[in-house]
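Asker: Below you'll find the structure I mean.
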Number of protein chains: 2
Amino acid sequence: MSTEIEAIEAQMSAHDVALLFEQRDWITAPVIDEQGILVGRITVDDVVDVIRAEADHNLMGRAGLDEDDDMFAPVLATTRNRALWLGVNLATAFLAAYVIGLFEATLEKMVALAVLMPVVASMGGIAGSQTLTIVIRGMAVGQITHTNTPFLLRKELVVSLLNGVIWALVVAVIAILWFGSLKLGLIIGAALIINLFCAALAGVLIPFLLQRLSIDPALASSVTLTTITDVVGFGTLLGLATVLLNI
Amino acid sequence: MSTEIEAIEAQMSAHDVALLFEQRDWITAPVIDEQGILVGRITVDDVVDVIRAEADHNLMGRAGLDEDDDMFAPVLATTRNRALWLGVNLATAFLAAYVIGLFEATLEKMVALAVLMPVVASMGGIAGSQTLTIVIRGMAVGQITHTNTPFLLRKELVVSLLNGVIWALVVAVIAILWFGSLKLGLIIGAALIINLFCAALAGVLIPFLLQRLSIDPALASSVTLTTITDVVGFGTLLGLATVLLNI
């Protein structure tokens with residue numbers, strides 16, 4: 001057991017204090033000011049509240065909820081809080097719709113593309129959200145440093161390529177059997193690989209980018225990611241089809 | 001300050017112990033066996049680990065990640081863990097694609113439906129995930145009881161109807177201006193209201209149903225919800241169009 005007394009500086013953020021308590025199993029710690037003079041004490045029961053609040057914020061932020069929008073809030077307050085987030089998402093959904101609209105002529109000639117396009121977009125969304133969750137959690141528990149970011153990016157890209165190839169084969173076979181078109185199978189497979197790769201890239205880079213812009217990653221990462229995976233998914237599938245099917 | 005000593009029974013779950021410490025700001029508590037004999041002590045630093053582990057599980061479970069799939073796991077282990085979840089989601093994506101496929105004839109005649117259908121599905125997914133997050137959090141912090149479940153369900157349904165009407169108007173106006181069809185605007189507005197209502201219903205009921213089936217809600221809620229909002233979203237929009245547009 002260490003007999004050295006470690007002190008917390010008064011200006012340290014609640015997040016960093018909670019991390020210290022968690023990593024070192026502290027029960028209590030003295031707080032000092034800039035001159036090193038004892039100004040008080042923090043006990044771990046306050047830290048428990050900080051950890052719970054951060055966990056809630058991470059979970060609820062992903063759904064665009066804030067701490068006021070709990071199950072006991074009045075109906076109108078809840079409606080307003082959630083309406084804002086639905087509005088943000090509507091804007092991104094219409095962006096995706098706009099991309100689809102660019103290929104109306106292609107869709108008219110091959111309606112199978114309309115059937116399959118949500119598959120490519122949703123697989124990108126899922127894969128990207130896996131990467132995003134690992135990165136946001138890594139940031140929250142202080143695992144991510146400047147040193148290991150390139151390692152993390154490389155790893156996520158390799159994982160996305162491996163899973164891209166595996167599931168592209170499955171999706172291609174189903175598409176070929178369903179619609180009897182080898183070309184359609186190859187196109188949807190290629191679109192899936194490209195979308196999963198972009199999803200991993202976005203999943204790593206978005207939280208860093210938002211942090212640099214001083215935007216809360218827990219709040220804005222998810223909607224930014226989905227926008228990218230939708231636009232890339234729809235755009236790649238319909239774009240490849242337009243070019244390669246000569247329609 | 002209460003001088004009565006409250007003891008924890010040895011068979012109490014880690015989750016319930018953590019809730020007690022959190023709610024009562026305990027630093028330490030005695031543990032007793034079934035005969036009321038003191039068998040040990042729990043201190044809050046263990047509780048901090050439980051709360052963090054539960055928070056991680058809730059956040060990562062939503063993306064189909066388990067605790068082994070962190071940023072330092074080997075590439076192949078990570079790929080395998082995530083591939084399983086992507087496979088589950090692929091099955092649900094193809095279920096949605098199958099529903100779209102039922103309406104191929106309708107889509108061929110009105111390709112605007114293909115452009116707009118992701119809007120209805122994604123708004124349902126977002127609204128449902130807001131409800132789901134509130135319910136799963138309420139369960140985790142012990143806010144949800146048998147007494148307040150009917151209240152919660154009613155509230156979520158009212159909120160979903162209010163937001164459904166608000167955003168149905170916006171979406172309908174945009175659809176009318178974009179494609180110059182009043183009927184298309186009415187159809188997409190109706191589909192949006194129906195999908196948001198079903199999303200709220202599913203968001204409340206799914207966690208309870210999974211809990212009763214002894215399936216971890218943090219893991220399976222999200223994919224079940226998205227399946228429902230996709231199927232209802234695509235089915236309602238294309239179904240209403242097929243019936244009302246006489247095509």
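Simple scheme: letters A, B, ... for chains in structure tokens order, numbers from 1 for residues in each chain, numbers from 1 for ligands in the order shown.
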Return the neighbours of chain A among the residues of chain B, cut-off 6 Å, counting only C-alpha atoms, as a list in words.
Answerer: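 The answer, sorted by residue number, is Asp25, Asp45, Ala55, Leu59, Ala63, Thr79, Ala93, Ala97, Ile100, Gly101, Ala114, Val115, Leu116, Val119, Gln130 and Val159 of chain B.
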Asker: Please, which residues of segment 30-126 of chain A, numbered as in this document, come out strand (DSSP E) from DSSP, as a ChimeraX atom specification?
Answerer: /A:30-32,38-43
Asker: Got a sec: who's within 9 Å of Pro30 of chain B, counting only C-alpha atoms, leaving out chain neighbours fewer than 6 positions off, as a PyMOL selection string?
Answerer: chain B and resi 5-9+38-43
